[in-house]
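Just query33.csv here, CSV, C-alpha atoms and all ligand atoms:
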```csv
chain,number,residue,atom,x,y,z
N,1158,MET,CA,-21.5,3.8,4.0
N,1159,THR,CA,-19.1,1.3,5.6
N,1160,THR,CA,-17.4,2.7,8.7
N,1161,LEU,CA,-14.4,0.8,10.3
N,1162,LYS,CA,-12.1,1.8,13.1
N,1163,VAL,CA,-8.4,1.4,13.6
N,1164,GLU,CA,-8.2,0.9,17.3
N,1165,LEU,CA,-5.0,2.5,18.6
N,1166,GLY,CA,-6.1,4.1,21.9
N,1167,GLU,CA,-6.1,7.9,21.7
N,1168,ARG,CA,-4.7,7.7,18.1
N,1169,SER,CA,-7.7,5.6,16.9
N,1170,TYR,CA,-9.3,6.7,13.7
N,1171,PRO,CA,-12.2,5.9,11.4
N,1172,ILE,CA,-12.1,4.6,7.8
N,1173,PHE,CA,-15.2,5.7,5.7
N,1174,ILE,CA,-15.9,3.7,2.5
N,1175,GLN,CA,-18.6,4.5,0.0
N,1176,ALA,CA,-19.2,5.4,-3.7
N,1177,HIS,CA,-19.3,9.2,-4.3
N,1178,LEU,CA,-17.9,10.0,-0.9
N,1179,LEU,CA,-15.7,12.8,-2.1
N,1180,LYS,CA,-18.9,14.8,-2.7
N,1181,GLN,CA,-19.6,14.4,1.0
N,1182,ALA,CA,-16.1,15.3,2.1
N,1183,ASP,CA,-17.6,17.7,4.7
N,1184,ILE,CA,-17.8,14.6,6.9
N,1185,LEU,CA,-14.1,15.3,7.5
N,1186,ALA,CA,-14.9,18.6,9.3
N,1187,PRO,CA,-14.9,17.1,12.8
N,1188,TYR,CA,-11.4,15.8,12.2
N,1189,LEU,CA,-9.9,19.2,11.2
N,1190,LYS,CA,-8.0,21.0,14.0
N,1191,THR,CA,-8.5,24.4,12.4
N,1192,LYS,CA,-10.2,25.4,9.1
N,1193,THR,CA,-6.8,25.7,7.4
N,1194,VAL,CA,-6.1,22.8,5.1
N,1195,VAL,CA,-3.4,22.0,2.6
N,1196,VAL,CA,-4.1,19.3,0.0
N,1197,VAL,CA,-1.0,17.4,-1.4
N,1198,THR,CA,-1.8,15.7,-4.7
N,1199,ASN,CA,-0.2,15.1,-8.1
N,1200,ASN,CA,-0.7,16.5,-11.6
N,1201,VAL,CA,-2.8,13.5,-12.7
N,1202,VAL,CA,-5.2,13.4,-9.7
N,1203,GLU,CA,-5.5,17.1,-9.1
N,1204,PRO,CA,-7.7,17.9,-12.2
N,1205,LEU,CA,-9.8,14.8,-11.6
N,1206,TYR,CA,-10.6,15.1,-7.9
N,1207,PHE,CA,-9.3,18.3,-6.3
N,1208,PRO,CA,-12.3,20.4,-7.5
N,1209,LEU,CA,-14.8,18.0,-5.8
N,1210,LEU,CA,-12.8,18.1,-2.5
N,1211,GLU,CA,-12.5,21.9,-2.7
N,1212,GLN,CA,-16.3,22.2,-3.2
N,1213,ALA,CA,-17.1,19.8,-0.3
N,1214,LEU,CA,-14.7,21.7,2.0
N,1215,LYS,CA,-15.8,25.2,0.9
N,1216,GLY,CA,-16.0,26.5,4.4
N,1217,CYS,CA,-12.3,25.9,4.8
N,1218,ASP,CA,-9.2,27.9,3.9
N,1219,ILE,CA,-7.9,25.4,1.4
N,1220,SER,CA,-4.6,25.4,-0.6
N,1221,LYS,CA,-2.9,22.8,-2.7
N,1222,ILE,CA,0.6,21.5,-3.4
N,1223,VAL,CA,0.9,19.6,-6.7
N,1224,ILE,CA,3.8,17.2,-7.0
N,1225,PRO,CA,4.9,15.4,-10.2
N,1226,ASP,CA,3.4,12.0,-10.8
N,1227,GLY,CA,5.3,8.8,-10.3
N,1228,GLU,CA,7.2,6.5,-7.9
N,1229,GLU,CA,10.5,8.1,-9.0
N,1230,TYR,CA,9.3,11.3,-7.2
N,1231,LYS,CA,8.8,9.6,-3.9
N,1232,ASN,CA,12.1,10.8,-2.7
N,1233,LEU,CA,13.8,13.4,-0.4
N,1234,GLN,CA,13.9,16.0,-3.2
N,1235,THR,CA,10.0,16.0,-3.4
N,1236,PHE,CA,9.8,15.8,0.4
N,1237,GLU,CA,11.9,19.0,0.6
N,1238,LEU,CA,9.9,20.7,-2.1
N,1239,VAL,CA,6.6,20.1,-0.2
N,1240,ILE,CA,8.2,21.3,3.1
N,1241,SER,CA,9.4,24.5,1.3
N,1242,GLN,CA,6.0,25.2,-0.1
N,1243,LEU,CA,4.4,24.7,3.3
N,1244,LEU,CA,6.9,27.1,4.8
N,1245,ALA,CA,6.2,29.6,2.0
N,1246,MET,CA,2.5,29.5,2.6
N,1247,SER,CA,3.1,29.9,6.4
N,1248,ALA,CA,1.5,26.5,7.3
N,1249,ALA,CA,1.4,25.9,11.0
N,1250,ARG,CA,1.4,22.9,13.3
N,1251,ASP,CA,-2.3,22.9,13.4
N,1252,THR,CA,-2.8,23.1,9.6
N,1253,THR,CA,-4.2,19.8,8.4
N,1254,LEU,CA,-2.4,18.1,5.5
N,1255,ILE,CA,-4.7,16.0,3.2
N,1256,ALA,CA,-3.1,13.4,0.9
N,1257,LEU,CA,-5.2,13.1,-2.2
N,1258,GLY,CA,-3.9,10.4,-4.5
N,1259,GLY,CA,-2.3,6.9,-4.6
N,1260,GLY,CA,0.3,5.4,-2.4
N,1261,VAL,CA,3.0,7.6,-3.6
N,1262,VAL,CA,1.2,10.8,-2.6
N,1263,GLY,CA,0.0,9.1,0.6
N,1264,ASP,CA,3.4,7.8,1.8
N,1265,LEU,CA,5.2,11.1,1.0
N,1266,THR,CA,2.5,13.4,2.5
N,1267,GLY,CA,2.4,11.2,5.6
N,1268,PHE,CA,6.1,11.6,6.1
N,1269,VAL,CA,5.9,15.3,5.6
N,1270,ALA,CA,3.1,15.4,8.1
N,1271,ALA,CA,5.2,13.4,10.6
N,1272,SER,CA,8.2,15.8,10.1
N,1273,PHE,CA,6.9,19.3,9.6
N,1274,GLN,CA,7.4,21.2,12.8
N,1275,ARG,CA,7.7,17.7,14.4
N,1276,GLY,CA,4.2,16.7,13.4
N,1277,MET,CA,1.0,18.0,12.0
N,1278,PRO,CA,-2.4,16.3,11.6
N,1279,PHE,CA,-3.0,14.5,8.3
N,1280,ILE,CA,-5.9,12.8,6.4
N,1281,GLN,CA,-5.7,10.1,3.8
N,1282,ILE,CA,-8.0,10.3,0.7
N,1283,PRO,CA,-6.6,7.3,-1.3
N,1284,THR,CA,-7.6,7.2,-5.0
N,1285,THR,CA,-6.0,4.0,-6.3
N,1286,LEU,CA,-7.1,0.5,-5.4
N,1287,LEU,CA,-3.7,-0.2,-3.8
N,1288,SER,CA,-3.9,2.8,-1.6
N,1289,GLN,CA,-7.5,2.1,-0.6
N,1290,VAL,CA,-6.8,-1.4,0.5
N,1291,ASP,CA,-3.4,-1.0,2.0
N,1292,SER,CA,-1.2,2.1,2.1
N,1293,SER,CA,-3.7,4.6,3.4
N,1294,VAL,CA,-4.3,2.5,6.6
N,1295,GLY,CA,-1.8,1.7,9.3
N,1296,GLY,CA,0.5,4.8,9.4
N,1297,LYS,CA,3.5,3.6,7.4
N,1298,THR,CA,5.0,6.7,5.7
N,1299,ALA,CA,8.2,6.9,3.8
N,1300,VAL,CA,10.2,8.1,0.8
N,1301,ASN,CA,12.7,5.9,-1.2
N,1302,HIS,CA,16.5,6.1,-1.3
N,1303,PRO,CA,18.4,5.1,-4.5
N,1304,LEU,CA,19.7,2.1,-2.5
N,1305,GLY,CA,16.4,0.9,-1.1
N,1306,LYS,CA,12.7,1.4,-1.1
N,1307,ASN,CA,10.9,3.2,1.8
N,1308,MET,CA,14.3,3.5,3.6
N,1309,ILE,CA,13.5,7.0,5.1
N,1310,GLY,CA,10.2,7.3,6.9
N,1311,ALA,CA,8.1,7.1,10.1
N,1312,PHE,CA,5.1,5.4,11.7
N,1313,TYR,CA,2.6,8.2,11.7
N,1314,GLN,CA,-1.2,7.6,11.8
N,1315,PRO,CA,-3.8,9.7,9.9
N,1316,LYS,CA,-6.7,11.3,11.7
N,1317,VAL,CA,-9.2,9.7,9.3
N,1318,VAL,CA,-9.3,7.8,6.0
N,1319,LEU,CA,-11.9,8.6,3.4
N,1320,ILE,CA,-12.3,6.1,0.6
N,1321,ASP,CA,-14.5,7.1,-2.4
N,1322,THR,CA,-14.8,3.9,-4.5
N,1323,THR,CA,-16.0,5.9,-7.5
N,1324,SER,CA,-12.5,7.3,-8.0
N,1325,LEU,CA,-11.5,3.8,-9.3
N,1326,ALA,CA,-13.5,4.5,-12.4
N,1327,THR,CA,-10.7,6.7,-13.8
N,1328,LEU,CA,-7.9,4.4,-12.7
N,1329,PRO,CA,-6.0,2.7,-15.6
N,1330,GLU,CA,-6.6,-1.0,-15.8
N,1331,ARG,CA,-2.9,-1.8,-15.1
N,1332,GLU,CA,-3.1,0.2,-11.9
N,1333,PHE,CA,-6.3,-1.5,-10.8
N,1334,ALA,CA,-4.6,-4.9,-11.4
N,1335,ALA,CA,-1.6,-3.8,-9.4
N,1336,GLY,CA,-4.0,-3.1,-6.4
N,1337,MET,CA,-5.4,-6.6,-6.8
N,1338,ALA,CA,-2.0,-8.0,-5.8
N,1339,GLU,CA,-2.4,-6.5,-2.3
N,1340,VAL,CA,-6.0,-7.7,-2.2
N,1341,ILE,CA,-5.0,-11.3,-3.0
N,1342,LYS,CA,-2.2,-10.9,-0.3
N,1343,TYR,CA,-4.8,-10.6,2.5
N,1344,GLY,CA,-6.5,-13.8,1.3
N,1345,VAL,CA,-3.2,-15.7,1.3
N,1346,ILE,CA,-1.9,-14.6,4.6
N,1347,TYR,CA,-5.0,-14.3,6.7
N,1348,ASP,CA,-8.4,-15.2,5.3
N,1349,ALA,CA,-9.0,-18.4,3.3
N,1350,ALA,CA,-12.8,-17.6,3.0
N,1351,PHE,CA,-11.9,-14.2,1.5
N,1352,PHE,CA,-9.5,-15.9,-1.0
N,1353,ASN,CA,-12.4,-18.2,-2.0
N,1354,TRP,CA,-14.7,-15.1,-2.3
N,1355,LEU,CA,-12.1,-13.5,-4.7
N,1356,GLU,CA,-12.0,-16.6,-6.9
N,1357,THR,CA,-15.8,-16.7,-7.1
N,1358,ASN,CA,-16.3,-13.0,-7.7
N,1359,GLN,CA,-13.6,-12.3,-10.3
N,1360,ALA,CA,-16.1,-11.2,-12.9
N,1361,ALA,CA,-17.9,-8.7,-10.7
N,1362,ILE,CA,-14.5,-7.3,-9.5
N,1363,LYS,CA,-13.3,-6.8,-13.0
N,1364,ALA,CA,-16.6,-5.2,-13.9
N,1365,LYS,CA,-16.1,-2.9,-10.9
N,1366,ASP,CA,-19.5,-3.6,-9.5
N,1367,THR,CA,-20.1,-1.0,-6.8
N,1368,ASP,CA,-21.3,-3.3,-4.0
N,1369,THR,CA,-18.6,-5.9,-4.8
N,1370,LEU,CA,-15.8,-3.3,-4.7
N,1371,GLN,CA,-17.2,-1.8,-1.5
N,1372,TYR,CA,-17.2,-5.2,0.2
N,1373,MET,CA,-13.7,-6.2,-1.1
N,1374,ILE,CA,-12.1,-2.9,0.0
N,1375,ALA,CA,-13.8,-3.0,3.3
N,1376,ARG,CA,-12.7,-6.5,4.0
N,1377,CYS,CA,-9.1,-5.6,3.2
N,1378,CYS,CA,-9.2,-2.5,5.5
N,1379,GLU,CA,-10.8,-4.6,8.2
N,1380,ILE,CA,-8.0,-7.2,8.1
N,1381,LYS,CA,-5.4,-4.4,8.0
N,1382,ALA,CA,-7.0,-2.5,10.9
N,1383,GLU,CA,-7.1,-5.8,13.0
N,1384,ILE,CA,-3.4,-6.5,12.3
N,1385,VAL,CA,-2.3,-2.9,12.9
N,1386,ALA,CA,-4.3,-2.7,16.2
N,1387,ILE,CA,-2.4,-5.7,17.5
N,1388,ASP,CA,1.1,-4.8,16.1
N,1389,GLU,CA,1.4,-1.2,15.0
N,1390,ARG,CA,5.2,-1.1,14.8
N,1391,GLU,CA,5.7,-4.5,13.1
N,1392,SER,CA,7.3,-6.5,15.9
N,1393,GLY,CA,5.4,-9.6,14.9
N,1394,LEU,CA,2.0,-10.2,13.2
N,1395,ARG,CA,2.2,-7.1,11.0
N,1396,ALA,CA,5.2,-8.5,9.2
N,1397,LEU,CA,2.8,-10.9,7.4
N,1398,LEU,CA,1.6,-7.9,5.4
N,1399,ASN,CA,5.0,-8.0,3.7
N,1400,LEU,CA,4.2,-11.2,1.8
N,1401,GLY,CA,6.0,-10.9,-1.5
N,1402,HIS,CA,7.6,-7.6,-0.6
N,1403,THR,CA,11.2,-8.8,0.0
N,1404,PHE,CA,11.3,-10.2,-3.5
N,1405,GLY,CA,9.1,-7.5,-4.9
N,1406,HIS,CA,11.3,-4.6,-3.6
N,1407,ALA,CA,14.3,-6.2,-5.2
N,1408,ILE,CA,12.5,-6.3,-8.6
N,1409,GLU,CA,11.4,-2.7,-8.2
N,1410,ALA,CA,14.9,-1.5,-7.3
N,1411,GLU,CA,16.6,-3.5,-10.0
N,1412,GLN,CA,14.2,-2.4,-12.7
N,1413,GLY,CA,14.2,1.3,-11.6
N,1414,TYR,CA,11.3,2.7,-9.6
N,1415,GLY,CA,8.2,3.1,-11.6
N,1416,ASN,CA,9.0,0.6,-14.4
N,1417,TRP,CA,7.5,-2.3,-12.6
N,1418,LEU,CA,4.5,-1.1,-10.6
N,1419,HIS,CA,4.7,-1.9,-6.9
N,1420,GLY,CA,1.7,-4.2,-7.1
N,1421,GLU,CA,3.1,-6.0,-10.1
N,1422,ALA,CA,6.4,-6.6,-8.2
N,1423,VAL,CA,4.4,-7.8,-5.1
N,1424,ALA,CA,2.4,-10.2,-7.3
N,1425,THR,CA,5.6,-11.8,-8.6
N,1426,GLY,CA,6.9,-11.8,-5.0
N,1427,ILE,CA,3.9,-13.7,-3.8
N,1428,VAL,CA,4.4,-16.4,-6.4
N,1429,LEU,CA,8.2,-16.6,-5.5
N,1430,ALA,CA,7.3,-16.9,-1.8
N,1431,SER,CA,4.7,-19.5,-2.5
N,1432,SER,CA,7.1,-21.4,-4.7
N,1433,VAL,CA,9.6,-21.4,-1.8
N,1434,ALA,CA,6.8,-22.7,0.5
N,1435,THR,CA,6.0,-25.5,-2.0
N,1436,LYS,CA,9.7,-26.5,-2.3
N,1437,MET,CA,9.9,-26.8,1.5
N,1438,ASN,CA,6.6,-28.8,1.6
N,1439,TRP,CA,4.9,-26.1,3.6
N,1440,LEU,CA,2.3,-25.4,0.9
N,1441,GLN,CA,0.5,-28.1,-1.1
N,1442,ALA,CA,0.9,-28.0,-4.9
N,1443,PRO,CA,-2.9,-27.5,-5.6
N,1444,GLU,CA,-2.9,-24.4,-3.3
N,1445,PHE,CA,0.2,-23.0,-5.0
N,1446,ARG,CA,-1.6,-23.4,-8.4
N,1447,ARG,CA,-4.7,-21.6,-7.0
N,1448,ILE,CA,-2.6,-18.7,-5.9
N,1449,VAL,CA,-0.8,-18.5,-9.3
N,1450,GLU,CA,-4.0,-18.8,-11.2
N,1451,LEU,CA,-5.8,-16.0,-9.3
N,1452,ILE,CA,-2.8,-13.7,-9.8
N,1453,GLU,CA,-2.7,-14.6,-13.5
N,1454,ASN,CA,-6.4,-14.0,-13.9
N,1455,PHE,CA,-5.9,-10.4,-12.9
N,1456,ASN,CA,-3.3,-10.0,-15.6
N,1457,LEU,CA,-0.4,-9.7,-13.1
N,1458,PRO,CA,3.1,-11.0,-13.7
N,1459,THR,CA,4.1,-14.3,-12.0
N,1460,SER,CA,7.8,-14.5,-12.9
N,1461,ALA,CA,10.7,-12.2,-12.3
N,1462,PRO,CA,12.6,-10.5,-15.1
N,1463,VAL,CA,14.8,-13.1,-16.8
N,1464,GLU,CA,18.0,-11.2,-16.2
N,1465,MET,CA,17.5,-11.2,-12.4
N,1466,ASP,CA,19.3,-14.2,-10.9
N,1467,TYR,CA,20.0,-15.3,-7.3
N,1468,ASP,CA,23.0,-13.0,-6.8
N,1469,CYS,CA,21.0,-10.0,-8.2
N,1470,PHE,CA,18.1,-10.6,-5.8
N,1471,MET,CA,20.5,-11.1,-2.9
N,1472,ARG,CA,22.4,-7.8,-3.7
N,1473,HIS,CA,19.1,-5.9,-3.3
N,1474,MET,CA,17.6,-7.9,-0.5
N,1475,ARG,CA,20.6,-7.3,1.8
N,1476,HIS,CA,19.3,-3.7,2.2
N,1477,ASP,CA,15.8,-4.9,3.1
N,1478,LYS,CA,14.3,-3.6,6.3
N,1479,LYS,CA,13.5,-7.2,7.2
N,1480,VAL,CA,17.2,-8.1,7.7
N,1481,GLN,CA,17.8,-8.9,11.4
N,1482,ALA,CA,21.2,-10.0,12.8
N,1483,GLY,CA,22.4,-10.4,9.2
N,1484,LYS,CA,19.6,-12.8,8.4
N,1485,LEU,CA,16.8,-12.2,5.8
N,1486,ASN,CA,13.3,-12.7,7.0
N,1487,PHE,CA,10.8,-14.1,4.5
N,1488,VAL,CA,7.0,-14.3,4.8
N,1489,ILE,CA,6.0,-17.8,3.6
N,1490,PRO,CA,2.5,-19.1,3.2
N,1491,ASN,CA,1.7,-22.4,5.0
N,1492,GLN,CA,-1.6,-22.7,3.3
N,1493,ILE,CA,-4.1,-20.3,1.8
N,1494,GLY,CA,-5.2,-18.2,4.8
N,1495,ALA,CA,-2.0,-18.6,6.9
N,1496,ALA,CA,1.6,-17.6,6.7
N,1497,THR,CA,4.8,-17.6,8.8
N,1498,VAL,CA,7.8,-15.3,9.0
N,1499,THR,CA,11.0,-17.3,8.9
N,1500,ASN,CA,14.8,-16.7,8.4
N,1501,GLN,CA,15.3,-20.5,7.9
N,1502,ILE,CA,15.1,-20.8,4.1
N,1503,PRO,CA,18.0,-23.0,2.9
N,1504,GLU,CA,20.2,-21.2,0.3
N,1505,GLU,CA,19.7,-24.0,-2.2
N,1506,VAL,CA,15.9,-23.5,-2.1
N,1507,LEU,CA,16.3,-19.8,-2.8
N,1508,ARG,CA,18.8,-20.5,-5.5
N,1509,THR,CA,16.4,-22.9,-7.2
N,1510,VAL,CA,13.4,-20.5,-7.0
N,1511,LEU,CA,15.4,-17.5,-8.1
N,1512,SER,CA,17.3,-19.1,-10.9
R,1,LIG,P1,0.7,5.6,-7.3
R,1,LIG,O1,0.5,6.5,-6.2
R,1,LIG,O2,1.9,5.9,-8.2
R,1,LIG,O3,-0.6,5.7,-8.3
R,1,LIG,C1,-0.6,5.0,-9.5
R,1,LIG,C2,-0.9,5.9,-10.7
R,1,LIG,O4,-2.3,6.1,-10.7
R,1,LIG,C3,-0.3,7.2,-10.7
R,1,LIG,O5,0.1,7.5,-12.0
R,1,LIG,C4,-1.3,8.2,-10.2
R,1,LIG,O6,-1.2,9.5,-10.6
R,1,LIG,C5,-2.6,7.6,-10.8
R,1,LIG,N1,-3.8,7.8,-10.1
R,1,LIG,C6,-4.1,7.8,-8.8
R,1,LIG,N2,-5.4,7.8,-8.6
R,1,LIG,C7,-6.0,7.9,-9.8
R,1,LIG,C8,-7.3,7.9,-10.2
R,1,LIG,N3,-8.4,7.8,-9.3
R,1,LIG,N4,-7.6,7.9,-11.5
R,1,LIG,C9,-6.6,7.9,-12.4
R,1,LIG,N5,-5.3,7.9,-12.1
R,1,LIG,C10,-5.0,7.8,-10.8
R,1,LIG,O7,0.8,4.1,-7.0
R,1,LIG,P2,0.0,3.2,-5.9
R,1,LIG,O8,-0.1,1.8,-6.5
R,1,LIG,O9,-1.3,3.8,-5.4
R,1,LIG,O10,0.9,3.2,-4.6
R,1,LIG,C11,2.2,2.6,-4.7
R,1,LIG,C12,3.0,3.1,-3.6
R,1,LIG,O11,2.4,2.8,-2.3
R,1,LIG,C13,4.4,2.6,-3.5
R,1,LIG,O12,5.3,3.7,-3.3
R,1,LIG,C14,4.4,1.7,-2.3
R,1,LIG,O13,5.7,1.6,-1.7
R,1,LIG,C15,3.4,2.3,-1.4
R,1,LIG,N6,2.8,1.4,-0.5
R,1,LIG,C16,2.8,1.8,0.8
R,1,LIG,C17,2.2,1.1,1.8
R,1,LIG,C18,2.1,1.5,3.2
R,1,LIG,O14,1.7,0.8,4.1
R,1,LIG,N7,2.4,2.8,3.5
R,1,LIG,C19,1.6,-0.2,1.4
R,1,LIG,C20,1.6,-0.6,0.1
R,1,LIG,C21,2.3,0.2,-0.8
R,2,LIG,N1,1.9,-2.7,3.6
R,2,LIG,C1,2.6,-3.3,4.7
R,2,LIG,C2,2.2,-2.7,6.0
R,2,LIG,O1,1.4,-1.7,6.1
R,2,LIG,O2,2.6,-3.1,7.1
```
Just give me the structure of the file as structure tokens.
Amino acid sequence: MTTLKVELGERSYPIFIQAHLLKQADILAPYLKTKTVVVVTNNVVEPLYFPLLEQALKGCDISKIVIPDGEEYKNLQTFELVISQLLAMSAARDTTLIALGGGVVGDLTGFVAASFQRGMPFIQIPTTLLSQVDSSVGGKTAVNHPLGKNMIGAFYQPKVVLIDTTSLATLPEREFAAGMAEVIKYGVIYDAAFFNWLETNQAAIKAKDTDTLQYMIARCCEIKAEIVAIDERESGLRALLNLGHTFGHAIEAEQGYGNWLHGEAVATGIVLASSVATKMNWLQAPEFRRIVELIENFNLPTSAPVEMDYDCFMRHMRHDKKVQAGKLNFVIPNQIGAATVTNQIPEEVLRTVLS
């Protein structure tokens, strides 16, 4: 088993990564405040993995709340529904909430945990590649607003993250590919050697070789843990994790949440940010081509919907959380393995890239 730690003083927590780990979910016992546990999951994940978790935690008083599947349910209505069910089952401040599912379940459950009676303990059990490499670690929790993604939320760290890589066996290929966008992101912004490793190990990743997946997921969590330990609340370094997200969120909002997967929008966003970097002579053309090629090789989209022009992107990006003093911040790669946050992108460069 790989064990990592997110170092945040008294809020530090471990990340456990291994195949078949759900069968050993009793390793969570030391992290439960009481034996009362409520699992939040959705109607797709519940039949697949709730029975395993229930069995492993059989000494606990365990209930479940099942929400509908889909990004379009990551909203205030579902938030209220979960809170109402917690109240109906007399959940208390020391009840532990467990998020069992992908990033939608994890983000929403984390926000409920941050808010219910001003905060209750929660645990992340991510079951998609995207949530295993990114959203379950670092404590960003949120729901969407019709005018913008993740507009209502809180920084709230879990007590522990349990990653069972076997759960990826049931994940649809399109969802697996979407997770690869966030994996590639780490290589582009932070770790050139990891980017090379991804290029070399594409076949083993696609074949879902157990050891390859364990290494890949662990390296992503390690990078994220390192960044979050330095900059938990995104006042600097953590912003690099948003590579491709400013453009990506605009695509998601314009297309309607759930039509483009988050990872697909991020993949296109990474290409657009890299294209901006190339136009500004920050990124060499051969490195740009390697980024595009790796993204394409995982069957991810590399161009925005044709009907989205500069004005359309700008309309959405105005609401972005990265707007500061009226200026949009972009994460732009300088080379494979390093990136910079800047608000100095000339309008004509953006117009060229987004037209
Ligand atoms: P998701 O949660 O919608 O899951 C994708 C699909 O896979 C869903 O249909 C889900 O029911 C299904 N599923 C989940 N696990 C499965 C399994 N093991 N087998 C079969 N099907 C399974 O999407 P996602 O890509 O996991 O997460 C996307 C969300 O994460 C977005 O809302 C995004 O904003 C958020 N996010 C948050 C952070 C963060 O730091 N908090 C980071 C990145 C993304
Ligand atoms: N996924 C971006 C972050 O956690 O900061």
Handout entry: Test item: residues no farther than 7 Å from ligand LIG 1 (chain R), counting only C-alpha atoms and all ligand atoms, as number ranges by chain
Key = N: 1199, 1201-1202, 1226-1228, 1231, 1258-1262, 1264, 1284-1288, 1291-1298, 1307, 1324-1329, 1332, 1335-1336, 1418-1420
For the residues selected in the previous step, produce a file with C-alpha atoms as an mmCIF file, in the coordinates of the input.
```cif
data_model
loop_
_atom_site.group_PDB
_atom_site.id
_atom_site.type_symbol
_atom_site.label_atom_id
_atom_site.label_comp_id
_atom_site.auth_asym_id
_atom_site.auth_seq_id
_atom_site.Cartn_x
_atom_site.Cartn_y
_atom_site.Cartn_z
ATOM 1 C CA ASN N 1199 -0.200 15.100 -8.100
ATOM 2 C CA VAL N 1201 -2.800 13.500 -12.700
ATOM 3 C CA VAL N 1202 -5.200 13.400 -9.700
ATOM 4 C CA ASP N 1226 3.400 12.000 -10.800
ATOM 5 C CA GLY N 1227 5.300 8.800 -10.300
ATOM 6 C CA GLU N 1228 7.200 6.500 -7.900
ATOM 7 C CA LYS N 1231 8.800 9.600 -3.900
ATOM 8 C CA GLY N 1258 -3.900 10.400 -4.500
ATOM 9 C CA GLY N 1259 -2.300 6.900 -4.600
ATOM 10 C CA GLY N 1260 0.300 5.400 -2.400
ATOM 11 C CA VAL N 1261 3.000 7.600 -3.600
ATOM 12 C CA VAL N 1262 1.200 10.800 -2.600
ATOM 13 C CA ASP N 1264 3.400 7.800 1.800
ATOM 14 C CA THR N 1284 -7.600 7.200 -5.000
ATOM 15 C CA THR N 1285 -6.000 4.000 -6.300
ATOM 16 C CA LEU N 1286 -7.100 0.500 -5.400
ATOM 17 C CA LEU N 1287 -3.700 -0.200 -3.800
ATOM 18 C CA SER N 1288 -3.900 2.800 -1.600
ATOM 19 C CA ASP N 1291 -3.400 -1.000 2.000
ATOM 20 C CA SER N 1292 -1.200 2.100 2.100
ATOM 21 C CA SER N 1293 -3.700 4.600 3.400
ATOM 22 C CA VAL N 1294 -4.300 2.500 6.600
ATOM 23 C CA GLY N 1295 -1.800 1.700 9.300
ATOM 24 C CA GLY N 1296 0.500 4.800 9.400
ATOM 25 C CA LYS N 1297 3.500 3.600 7.400
ATOM 26 C CA THR N 1298 5.000 6.700 5.700
ATOM 27 C CA ASN N 1307 10.900 3.200 1.800
ATOM 28 C CA SER N 1324 -12.500 7.300 -8.000
ATOM 29 C CA LEU N 1325 -11.500 3.800 -9.300
ATOM 30 C CA ALA N 1326 -13.500 4.500 -12.400
ATOM 31 C CA THR N 1327 -10.700 6.700 -13.800
ATOM 32 C CA LEU N 1328 -7.900 4.400 -12.700
ATOM 33 C CA PRO N 1329 -6.000 2.700 -15.600
ATOM 34 C CA GLU N 1332 -3.100 0.200 -11.900
ATOM 35 C CA ALA N 1335 -1.600 -3.800 -9.400
ATOM 36 C CA GLY N 1336 -4.000 -3.100 -6.400
ATOM 37 C CA LEU N 1418 4.500 -1.100 -10.600
ATOM 38 C CA HIS N 1419 4.700 -1.900 -6.900
ATOM 39 C CA GLY N 1420 1.700 -4.200 -7.100
#
```
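When CA of Lys1215 (chain N) is paired with CA of Ile1320 (chain N), their separation reads 19.4 Å.
Distance-wise, CA of Asn1399 (chain N) and atom O1 of ligand LIG 2 (chain R) end up 7.6 Å apart.
Atom pair CA of Trp1439 (chain N) / CA of Ile1489 (chain N): separated by 8.4 Å.
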Fill in the blank from the handout: Counting all atoms listed in the file, the residue among N:Leu1319, N:Ile1493, N:Leu1178, N:Ala1186 that lies closest to Leu1209 (chain N) is N:Leu1178
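If you count all atoms listed in the file and ignore residues fewer than 2 places along the chain from Arg1395 (chain N), what sits within 10 Å of it is Gly1295, Lys1381, Glu1383, Ile1384, Val1385, Ala1386, Ile1387, Asp1388, Glu1389, Arg1390, Glu1391, Ser1392, Gly1393, Leu1397, Leu1398 and Asn1399 of chain N.
Using all atoms listed in the file, the contacts of Lys1190 (chain N) at a cut-off of 9 Å, with sequence neighbours closer than 6 positions omitted, comprise Asp1251, Thr1252, Thr1253 and Pro1278 of chain N.
With only C-alpha atoms and all ligand atoms as the basis for measurement, N:His1406 is the residue among N:His1302, N:Arg1508, N:Arg1475, N:His1406 that approaches ligand LIG 2 (chain R) most closely.
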